[in-house]
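K.L.:
You'll find start.csv just under this line, and it carries CSV, C-alpha atoms.
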chain,number,residue,atom,x,y,z
A,1,MET,CA,-199.3,6.1,-2.6
A,2,TRP,CA,-202.2,8.4,-3.2
A,3,GLY,CA,-205.7,7.2,-2.3
A,4,CYS,CA,-207.8,9.8,-4.1
A,5,GLY,CA,-211.6,9.6,-3.7
A,6,ALA,CA,-211.3,7.2,-0.8
A,7,LEU,CA,-214.8,8.0,0.3
A,8,LEU,CA,-216.5,8.1,-3.0
A,9,GLY,CA,-220.1,7.1,-2.9
A,10,ALA,CA,-220.3,7.3,0.9
A,11,ARG,CA,-223.7,8.0,2.3
A,12,THR,CA,-224.7,10.5,5.0
A,13,GLY,CA,-224.0,9.0,8.4
A,14,SER,CA,-221.5,6.5,7.1
A,15,ARG,CA,-218.3,5.9,9.0
A,16,LEU,CA,-214.8,6.6,8.0
A,17,GLY,CA,-213.4,3.4,6.6
A,18,ARG,CA,-210.1,1.6,7.1
A,19,GLU,CA,-208.8,3.0,3.8
A,20,VAL,CA,-207.6,6.0,5.7
A,21,LEU,CA,-203.8,6.3,5.5
A,22,VAL,CA,-201.5,8.6,7.3
A,23,ALA,CA,-198.6,10.9,6.3
A,24,PRO,CA,-196.4,13.5,8.1
A,25,GLY,CA,-198.2,16.6,9.5
A,26,ARG,CA,-198.2,19.0,12.4
A,27,GLY,CA,-199.9,22.0,14.0
A,28,TRP,CA,-203.3,23.2,15.0
A,29,TYR,CA,-205.6,26.1,14.4
A,30,ALA,CA,-209.1,26.8,15.6
A,31,ALA,CA,-211.5,24.9,13.4
A,32,ALA,CA,-214.1,26.9,11.4
A,33,PRO,CA,-217.6,26.7,12.9
A,34,TYR,CA,-220.5,25.0,11.2
A,35,SER,CA,-224.2,24.2,11.8
A,36,ALA,CA,-226.0,21.0,10.9
A,37,SER,CA,-228.8,21.4,8.4
A,38,ALA,CA,-232.1,19.5,8.3
A,39,GLU,CA,-232.4,20.2,4.6
A,40,PRO,CA,-229.8,18.8,2.2
A,41,THR,CA,-227.6,21.6,0.8
A,42,GLY,CA,-225.0,19.6,-1.0
A,43,VAL,CA,-222.3,20.5,1.5
A,44,ARG,CA,-220.8,17.4,3.1
A,45,ALA,CA,-218.1,17.0,5.6
A,46,LEU,CA,-216.3,14.4,7.7
A,47,VAL,CA,-217.3,15.3,11.3
A,48,TYR,CA,-216.5,13.8,14.7
A,49,GLU,CA,-218.6,14.7,17.8
A,50,HIS,CA,-216.3,13.0,20.3
A,51,HIS,CA,-212.8,11.6,20.4
A,52,GLY,CA,-212.0,8.0,19.7
A,53,ASP,CA,-211.1,5.5,16.9
A,54,PRO,CA,-211.4,7.5,13.6
A,55,ALA,CA,-213.1,4.5,12.0
A,56,LYS,CA,-215.8,4.6,14.6
A,57,VAL,CA,-216.3,8.3,15.4
A,58,VAL,CA,-216.0,10.1,12.1
A,59,GLU,CA,-219.2,10.4,10.1
A,60,LEU,CA,-220.1,11.9,6.7
A,61,LYS,CA,-222.7,14.6,7.4
A,62,LYS,CA,-224.5,17.3,5.5
A,63,LEU,CA,-223.8,20.7,6.8
A,64,GLU,CA,-225.4,24.2,6.3
A,65,LEU,CA,-223.2,26.6,4.4
A,66,THR,CA,-222.9,29.9,6.3
A,67,ALA,CA,-223.5,33.3,4.5
A,68,VAL,CA,-220.5,35.1,3.1
A,69,GLY,CA,-219.7,38.1,5.1
A,70,GLY,CA,-217.6,41.1,4.1
A,71,SER,CA,-214.3,39.5,5.0
A,72,ASP,CA,-215.3,35.9,4.1
A,73,ILE,CA,-214.4,33.6,1.3
A,74,HIS,CA,-216.6,30.8,-0.1
A,75,VAL,CA,-214.2,27.9,-0.9
A,76,LYS,CA,-214.9,24.7,-2.8
A,77,MET,CA,-212.4,22.1,-1.5
A,78,LEU,CA,-210.5,20.3,-4.3
A,79,ALA,CA,-208.3,17.9,-2.3
A,80,ALA,CA,-207.2,17.3,1.3
A,81,PRO,CA,-204.6,14.8,2.7
A,82,ILE,CA,-204.8,12.7,5.8
A,83,ASN,CA,-202.0,13.5,8.2
A,84,PRO,CA,-201.0,11.9,11.5
A,85,SER,CA,-202.0,15.1,13.3
A,86,ASP,CA,-205.5,14.7,11.9
A,87,ILE,CA,-205.8,11.2,13.3
A,88,ASN,CA,-204.3,12.3,16.6
A,89,MET,CA,-206.8,15.1,16.9
A,90,ILE,CA,-209.7,12.7,16.3
A,91,GLN,CA,-208.3,10.3,18.9
A,92,GLY,CA,-208.0,13.2,21.4
A,93,ASN,CA,-204.3,12.7,22.1
A,94,TYR,CA,-202.9,15.7,20.2
A,95,GLY,CA,-201.4,18.6,22.1
A,96,LEU,CA,-204.1,21.0,21.0
A,97,LEU,CA,-207.6,20.0,20.1
A,98,PRO,CA,-210.5,21.9,18.4
A,99,LYS,CA,-213.8,22.4,20.0
A,100,LEU,CA,-216.3,19.5,19.4
A,101,PRO,CA,-218.1,18.8,17.2
A,102,ALA,CA,-215.3,19.4,14.6
A,103,VAL,CA,-214.6,18.9,10.9
A,104,GLY,CA,-211.5,16.9,10.4
A,105,GLY,CA,-208.5,17.9,8.3
A,106,ASN,CA,-205.6,20.2,8.8
A,107,GLU,CA,-204.4,20.7,5.2
A,108,GLY,CA,-205.8,20.9,1.7
A,109,VAL,CA,-206.4,23.1,-1.3
A,110,GLY,CA,-209.6,24.7,-2.4
A,111,GLN,CA,-210.9,27.0,-5.2
A,112,VAL,CA,-212.5,30.4,-4.4
A,113,VAL,CA,-216.2,30.5,-5.4
A,114,ALA,CA,-217.1,33.9,-4.0
A,115,VAL,CA,-215.6,36.6,-1.9
A,116,GLY,CA,-217.0,39.3,0.5
A,117,SER,CA,-216.9,43.0,-0.3
A,118,ASN,CA,-213.9,43.6,1.9
A,119,VAL,CA,-211.7,40.8,0.4
A,120,THR,CA,-208.8,42.0,-1.8
A,121,GLY,CA,-206.3,39.2,-1.7
A,122,VAL,CA,-208.0,36.6,-3.8
A,123,LYS,CA,-210.8,36.4,-6.4
A,124,PRO,CA,-213.2,33.7,-7.6
A,125,GLY,CA,-211.2,31.0,-9.4
A,126,ASP,CA,-208.1,31.4,-7.3
A,127,TRP,CA,-206.7,28.4,-5.3
A,128,VAL,CA,-206.2,28.8,-1.6
A,129,ILE,CA,-204.7,26.7,1.2
A,130,PRO,CA,-205.1,27.0,5.0
A,131,ALA,CA,-202.9,29.7,6.6
A,132,ASN,CA,-202.7,27.4,9.7
A,133,PRO,CA,-203.5,23.7,10.2
A,134,GLY,CA,-206.7,22.6,11.8
A,135,LEU,CA,-209.1,24.6,9.6
A,136,GLY,CA,-211.3,21.6,8.9
A,137,THR,CA,-210.6,20.7,5.3
A,138,TRP,CA,-212.4,17.4,5.1
A,139,ARG,CA,-215.5,18.9,3.5
A,140,THR,CA,-216.8,19.7,0.0
A,141,GLU,CA,-217.0,23.5,0.6
A,142,ALA,CA,-217.1,26.1,3.3
A,143,VAL,CA,-217.0,29.8,4.2
A,144,PHE,CA,-213.8,30.9,5.8
A,145,SER,CA,-212.5,34.3,6.9
A,146,GLU,CA,-209.8,35.8,4.6
A,147,GLU,CA,-207.1,35.7,7.3
A,148,THR,CA,-207.3,31.9,7.6
A,149,LEU,CA,-206.3,31.3,3.9
A,150,ILE,CA,-203.3,31.8,1.7
A,151,GLY,CA,-203.5,32.1,-2.1
A,152,VAL,CA,-201.3,29.7,-4.1
A,153,PRO,CA,-200.7,29.3,-7.9
A,154,SER,CA,-203.4,27.3,-9.7
A,155,ASP,CA,-201.0,25.9,-12.3
A,156,ILE,CA,-199.2,23.5,-9.9
A,157,PRO,CA,-200.3,19.9,-9.5
A,158,LEU,CA,-203.4,19.5,-7.4
A,159,GLN,CA,-201.7,17.0,-5.0
A,160,SER,CA,-198.7,19.3,-4.7
A,161,ALA,CA,-201.0,22.2,-3.7
A,162,ALA,CA,-202.9,20.1,-1.2
A,163,THR,CA,-199.7,19.1,0.7
A,164,LEU,CA,-197.8,22.4,0.3
A,165,GLY,CA,-198.3,23.7,3.8
A,166,VAL,CA,-196.7,21.0,6.0
A,167,ASN,CA,-193.9,18.8,4.7
A,168,PRO,CA,-192.1,21.2,2.3
A,169,CYS,CA,-192.1,24.0,4.9
A,170,THR,CA,-190.9,21.7,7.6
A,171,ALA,CA,-188.1,20.5,5.4
A,172,TYR,CA,-187.1,24.0,4.5
A,173,ARG,CA,-187.0,25.2,8.1
A,174,MET,CA,-184.9,22.3,9.2
A,175,LEU,CA,-182.4,22.9,6.4
A,176,THR,CA,-182.1,26.6,7.2
A,177,ASP,CA,-182.7,27.2,10.9
A,178,PHE,CA,-179.9,25.2,12.5
A,179,GLU,CA,-176.8,25.5,10.3
A,180,GLN,CA,-175.7,28.2,7.8
A,181,LEU,CA,-175.3,25.8,5.0
A,182,ARG,CA,-173.7,26.8,1.7
A,183,PRO,CA,-173.8,25.2,-1.7
A,184,GLY,CA,-171.6,22.1,-1.7
A,185,ASP,CA,-172.3,21.3,2.0
A,186,CYS,CA,-173.6,17.9,2.9
A,187,VAL,CA,-176.7,16.9,4.9
A,188,ILE,CA,-177.5,13.4,6.1
A,189,GLN,CA,-181.0,12.2,7.1
A,190,ASN,CA,-182.8,9.0,7.9
A,191,ALA,CA,-186.3,8.0,6.9
A,192,SER,CA,-185.5,9.7,3.6
A,193,ASN,CA,-188.5,8.2,1.8
A,194,SER,CA,-190.9,9.9,4.2
A,195,GLY,CA,-192.9,12.9,3.0
A,196,VAL,CA,-190.5,15.4,4.8
A,197,GLY,CA,-187.5,13.3,3.7
A,198,GLN,CA,-188.4,13.7,0.0
A,199,ALA,CA,-189.0,17.4,0.5
A,200,VAL,CA,-185.6,17.7,2.1
A,201,ILE,CA,-184.1,16.0,-1.0
A,202,GLN,CA,-185.8,18.3,-3.4
A,203,ILE,CA,-185.1,21.5,-1.5
A,204,ALA,CA,-181.5,20.6,-0.7
A,205,ALA,CA,-180.9,20.0,-4.4
A,206,ALA,CA,-182.4,23.4,-5.3
A,207,LEU,CA,-180.1,25.0,-2.7
A,208,GLY,CA,-177.0,23.2,-4.1
A,209,LEU,CA,-176.6,21.0,-1.0
A,210,ARG,CA,-175.4,17.4,-1.2
A,211,THR,CA,-177.4,14.7,0.6
A,212,ILE,CA,-176.8,11.3,2.1
A,213,ASN,CA,-180.2,9.6,2.5
A,214,VAL,CA,-180.7,6.6,4.7
A,215,VAL,CA,-183.6,4.2,4.4
A,216,ARG,CA,-184.6,0.8,5.7
A,217,ASP,CA,-183.7,-2.2,3.6
A,218,ARG,CA,-186.4,-3.8,1.5
A,219,PRO,CA,-186.8,-6.2,-1.5
A,220,ASP,CA,-187.3,-3.3,-3.9
A,221,ILE,CA,-184.5,-1.2,-2.6
A,222,GLN,CA,-183.1,-0.4,-6.1
A,223,LYS,CA,-186.5,0.9,-7.2
A,224,LEU,CA,-186.7,3.2,-4.1
A,225,THR,CA,-183.1,4.3,-4.7
A,226,ASP,CA,-183.8,5.2,-8.3
A,227,ARG,CA,-186.9,7.2,-7.3
A,228,LEU,CA,-185.1,9.2,-4.6
A,229,LYS,CA,-182.2,9.9,-6.9
A,230,SER,CA,-184.7,11.2,-9.5
A,231,LEU,CA,-185.8,13.8,-6.9
A,232,GLY,CA,-182.2,14.9,-6.4
A,233,ALA,CA,-180.7,12.5,-3.9
A,234,GLU,CA,-177.0,12.1,-4.3
A,235,HIS,CA,-176.5,9.0,-2.2
A,236,VAL,CA,-179.1,6.5,-0.9
A,237,LEU,CA,-178.0,4.0,1.7
A,238,THR,CA,-179.6,1.4,3.9
A,239,GLU,CA,-179.3,1.4,7.7
A,240,GLU,CA,-177.0,-1.6,7.3
A,241,GLN,CA,-174.7,0.1,4.8
A,242,LEU,CA,-174.4,3.1,7.0
A,243,ARG,CA,-173.0,0.9,9.8
A,244,LYS,CA,-170.3,-0.6,7.6
A,245,HIS,CA,-166.6,0.4,7.9
A,246,GLU,CA,-166.6,1.1,4.1
A,247,MET,CA,-168.6,4.2,4.7
A,248,LYS,CA,-165.4,6.1,5.3
A,249,HIS,CA,-164.7,5.8,1.5
A,250,LEU,CA,-167.8,7.8,0.8
A,251,PHE,CA,-166.2,10.9,2.3
A,252,LYS,CA,-163.2,10.8,-0.1
A,253,ASP,CA,-165.5,12.4,-2.7
A,254,MET,CA,-167.7,14.5,-0.5
A,255,PRO,CA,-167.5,16.5,2.8
A,256,GLN,CA,-168.7,15.1,6.0
A,257,PRO,CA,-172.2,16.2,6.8
A,258,ARG,CA,-172.7,19.5,8.7
A,259,LEU,CA,-176.3,18.8,9.5
A,260,ALA,CA,-178.1,15.5,10.4
A,261,LEU,CA,-181.9,15.2,10.4
A,262,ASN,CA,-183.2,12.4,12.6
A,263,CYS,CA,-186.8,11.1,12.8
A,264,VAL,CA,-186.2,7.5,13.8
A,265,GLY,CA,-184.2,7.6,17.0
A,266,GLY,CA,-182.2,4.7,18.6
A,267,LYS,CA,-179.3,3.3,16.8
A,268,SER,CA,-180.2,5.0,13.5
A,269,SER,CA,-179.7,8.5,15.0
A,270,THR,CA,-176.5,7.4,16.7
A,271,GLU,CA,-175.1,6.3,13.3
A,272,LEU,CA,-176.0,9.7,11.8
A,273,LEU,CA,-174.0,11.3,14.6
A,274,ARG,CA,-171.0,9.2,14.0
A,275,HIS,CA,-170.6,10.6,10.5
A,276,LEU,CA,-171.1,14.2,11.3
A,277,ALA,CA,-168.3,16.7,10.9
A,278,ALA,CA,-166.9,18.2,14.1
A,279,SER,CA,-169.0,21.0,15.6
A,280,SER,CA,-172.0,20.1,13.4
A,281,PHE,CA,-175.6,19.9,14.3
A,282,LEU,CA,-177.8,16.8,15.0
A,283,ARG,CA,-181.4,17.9,14.7
A,284,MET,CA,-183.6,15.8,16.9
A,285,SER,CA,-186.5,16.6,14.6
A,286,ASN,CA,-190.1,17.2,15.4
A,287,PHE,CA,-191.4,13.6,15.4
A,288,GLU,CA,-195.0,14.7,14.9
A,289,ALA,CA,-193.9,16.6,11.8
A,290,PHE,CA,-192.4,13.5,10.4
A,291,GLY,CA,-195.2,11.2,11.6
A,292,CYS,CA,-192.6,8.8,13.1
A,293,PRO,CA,-193.3,8.8,16.9
A,294,SER,CA,-191.0,5.8,17.5
A,295,GLY,CA,-190.5,6.4,21.2
A,296,ARG,CA,-186.9,5.2,20.9
A,297,ARG,CA,-184.2,7.0,22.9
A,298,THR,CA,-181.2,8.4,21.2
A,299,ILE,CA,-178.0,8.1,23.2
A,300,VAL,CA,-175.3,10.5,22.2
A,301,GLN,CA,-171.8,9.5,23.3
A,302,PRO,CA,-169.0,12.1,23.6
A,303,SER,CA,-166.5,12.0,20.8
A,304,SER,CA,-162.9,13.4,20.5
A,305,ARG,CA,-163.8,15.1,17.3
A,306,SER,CA,-167.3,16.3,18.3
A,307,SER,CA,-168.4,19.3,20.4
A,308,PHE,CA,-171.5,17.3,21.7
A,309,SER,CA,-172.0,16.5,25.3
A,310,PRO,CA,-173.6,13.2,26.4
A,311,CYS,CA,-177.4,13.5,26.3
A,312,ALA,CA,-180.5,11.4,25.8
A,313,VAL,CA,-183.5,12.6,23.8
A,314,SER,CA,-186.8,10.7,23.5
A,315,SER,CA,-189.2,11.1,20.7
A,316,ALA,CA,-191.7,12.6,23.2
A,317,GLU,CA,-189.2,15.2,24.3
A,318,ALA,CA,-188.3,15.9,20.7
A,319,SER,CA,-191.8,16.4,19.6
A,320,SER,CA,-192.3,19.0,22.4
A,321,ARG,CA,-189.7,21.2,20.8
A,322,PRO,CA,-191.6,22.8,17.8
A,323,LEU,CA,-189.9,24.7,15.0
A,324,PRO,CA,-189.2,28.2,16.4
A,325,ALA,CA,-191.3,30.4,14.1
A,326,PRO,CA,-194.6,30.2,12.2
A,327,ARG,CA,-194.9,28.5,8.8
A,328,SER,CA,-195.6,31.8,7.1
A,329,HIS,CA,-191.8,32.4,7.0
A,330,CYS,CA,-191.4,29.5,4.6
A,331,ARG,CA,-189.9,30.4,1.2
A,332,THR,CA,-190.5,28.6,-2.0
A,333,THR,CA,-188.3,27.6,-5.0
A,334,SER,CA,-189.2,27.8,-8.7
A,335,ALA,CA,-189.6,24.0,-8.9
A,336,PRO,CA,-192.9,22.8,-7.6
A,337,TRP,CA,-193.1,20.4,-4.7
A,338,LYS,CA,-193.7,16.8,-5.9
A,339,PRO,CA,-195.3,14.5,-3.3
A,340,GLN,CA,-194.0,11.2,-4.7
A,341,CYS,CA,-195.0,9.0,-1.8
A,342,GLY,CA,-197.1,11.3,0.2
A,343,PRO,CA,-200.3,11.2,2.2
A,344,SER,CA,-203.6,9.6,1.3
A,345,CYS,CA,-205.7,12.2,-0.3
A,346,LEU,CA,-209.4,12.8,-0.2
A,347,GLN,CA,-210.3,14.3,-3.5
A,348,SER,CA,-213.5,16.4,-3.0
A,349,ARG,CA,-215.9,14.2,-4.8
A,350,PHE,CA,-217.5,12.4,-1.8
Could you write out this structure as structure tokens?
P.N.:
Amino acid sequence: MWGCGALLGARTGSRLGREVLVAPGRGWYAAAPYSASAEPTGVRALVYEHHGDPAKVVELKKLELTAVGGSDIHVKMLAAPINPSDINMIQGNYGLLPKLPAVGGNEGVGQVVAVGSNVTGVKPGDWVIPANPGLGTWRTEAVFSEETLIGVPSDIPLQSAATLGVNPCTAYRMLTDFEQLRPGDCVIQNASNSGVGQAVIQIAAALGLRTINVVRDRPDIQKLTDRLKSLGAEHVLTEEQLRKHEMKHLFKDMPQPRLALNCVGGKSSTELLRHLAASSFLRMSNFEAFGCPSGRRTIVQPSSRSSFSPCAVSSAEASSRPLPAPRSHCRTTSAPWKPQCGPSCLQSRF
């Protein structure tokens, strides 16, 4: 669900409320500096001066907008999501932390208001997103250096642009970095209704890959199944269905998966492994990217048809293994990314 305008009407000095929701996210980049202003300038930001509970330490403050230099870009923020990495940074338990005080927010989309004399990549009116997470996007506007921003098309949905830099690129990298998949190959994943999971479904469909998507059972399972299939999912199964003997009939009509994407751990990932084709790859995915730090251990037993050796991987160990190259290597497809059940979004009207 999208919670746009969660902080509408907030006053200077007010605290971040309980309406903050989380969604998958990752990464860090040095936050842009700012200076507090005694005179109101209309620039407001969600700032934390020390680590702790976000509901207690994040405050809405008025900031002074710095002058636009030759290589700077004045940006008006349009929307910014709330990711688990944002919350972890505020709590102080993320791997890399910005210098305090800091403006929250790793991701978002803004519109260029003005550019410095040396800026050639964008012009006023263009949309931009952070080149790296941790820029401090929870503010109404700011001046950033050109190298910290990437231009994006302005004719895509606002929510799609605001969440373009994390989940879709994570999904693409996992689909392309670990197996040389070809059209018709099969991928199996759990937590398929997560932000990354839905991106996997859409990108896999665009690449001609077939998907088996595992979710937890729930009262409205048919509604969820229909929604994931509308994104391109071929099969949607519950954890319980995955464990049934009848699963073998599924592979009469499709090949066994060559790649498994796990972000749950425990028995769920063991079940993914059971259905993998021989010599295939079980990706113990970056748990922070998925926002599912379950802490469960995954025990991989040797199999007569598998080339795997016995091993145990915890979520903490998995999250310490980042994707091997920067996000800038991500490619895009012609179809826009559609965040159907993505992060809570702060639309820049606060």
K.L.:
Can you work out which one of A:Pro81, A:Gly125, A:Gly151, A:Gly42 has the shortest atom-to-atom distance to Leu63 of chain A, counting only C-alpha atoms?
P.N.:
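Comparing A:Pro81, A:Gly125, A:Gly151, A:Gly42 against Leu63 of chain A, the winner is A:Gly42.
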K.L.:
Quick check, in Å to one decimal: how far apart do atom CA of Gly95 of chain A and atom CA of Ser194 of chain A lie?
P.N.:
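Interatomic distance here is 22.5 Å.
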K.L.:
Between A:Val103, A:Ala142, A:Leu224, A:Met254, single out the one closest to Val187 of chain A, counting all atoms listed in the file.
P.N.:
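Using all atoms listed in the file, Val187 of chain A sits closest to A:Met254.
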K.L.:
Can you list, as a count of residues only, every protein, DNA or RNA residue that comes within 8 Å of Arg182 of chain A when you count all atoms listed in the file, leaving out same-chain residues fewer than 3 positions away?
P.N.:
4
K.L.:
At what distance in Å, to one decimal, does atom CA of Ala131 of chain A lie from atom CA of Gly52 of chain A?
P.N.:
26.9 Å
K.L.:
What separation in Å, quoted to one decimal, exists between atom CA of Val200 of chain A and atom CA of Tyr172 of chain A?
P.N.:
6.9 Å
K.L.:
At a cut-off of 10 Å, using all atoms listed in the file, what residues contact segment 248-253 of chain A? Leave out same-chain residues fewer than 4 positions from it and give the result as a list of chain:residue names.
P.N.:
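What passes the distance filter is A:Ile212, A:His235, A:Leu242, A:Lys244, A:Pro257, A:His275.
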K.L.:
For His245 of chain A, which of A:Asp217, A:Asp53, A:Glu271, A:Asp226 is the closest residue, counting all atoms listed in the file?
P.N.:
A:Glu271
K.L.:
Using only C-alpha atoms, find the one residue out of A:Val122, A:Arg139, A:Asn93, A:Asn106 that sits nearest to Leu46 of chain A.
P.N.:
A:Arg139
K.L.:
Need the shell around Val143 of chain A: protein/DNA/RNA residues with any atom at most 10 Å away, counting only C-alpha atoms. Skip same-chain ones fewer than 3 positions apart. Format as a PDB file with C-alpha atoms, keeping the file's coordinate frame?
P.N.:
ATOM      1  CA  ALA A  32    -214.100  26.900  11.400  1.00  0.00           C
ATOM      2  CA  PRO A  33    -217.600  26.700  12.900  1.00  0.00           C
ATOM      3  CA  TYR A  34    -220.500  25.000  11.200  1.00  0.00           C
ATOM      4  CA  LEU A  65    -223.200  26.600   4.400  1.00  0.00           C
ATOM      5  CA  THR A  66    -222.900  29.900   6.300  1.00  0.00           C
ATOM      6  CA  ALA A  67    -223.500  33.300   4.500  1.00  0.00           C
ATOM      7  CA  VAL A  68    -220.500  35.100   3.100  1.00  0.00           C
ATOM      8  CA  GLY A  69    -219.700  38.100   5.100  1.00  0.00           C
ATOM      9  CA  ASP A  72    -215.300  35.900   4.100  1.00  0.00           C
ATOM     10  CA  ILE A  73    -214.400  33.600   1.300  1.00  0.00           C
ATOM     11  CA  HIS A  74    -216.600  30.800  -0.100  1.00  0.00           C
ATOM     12  CA  VAL A  75    -214.200  27.900  -0.900  1.00  0.00           C
ATOM     13  CA  LYS A  76    -214.900  24.700  -2.800  1.00  0.00           C
ATOM     14  CA  VAL A 112    -212.500  30.400  -4.400  1.00  0.00           C
ATOM     15  CA  VAL A 113    -216.200  30.500  -5.400  1.00  0.00           C
ATOM     16  CA  ALA A 114    -217.100  33.900  -4.000  1.00  0.00           C
ATOM     17  CA  VAL A 115    -215.600  36.600  -1.900  1.00  0.00           C
ATOM     18  CA  GLU A 146    -209.800  35.800   4.600  1.00  0.00           C
TER      19      GLU A 146
END
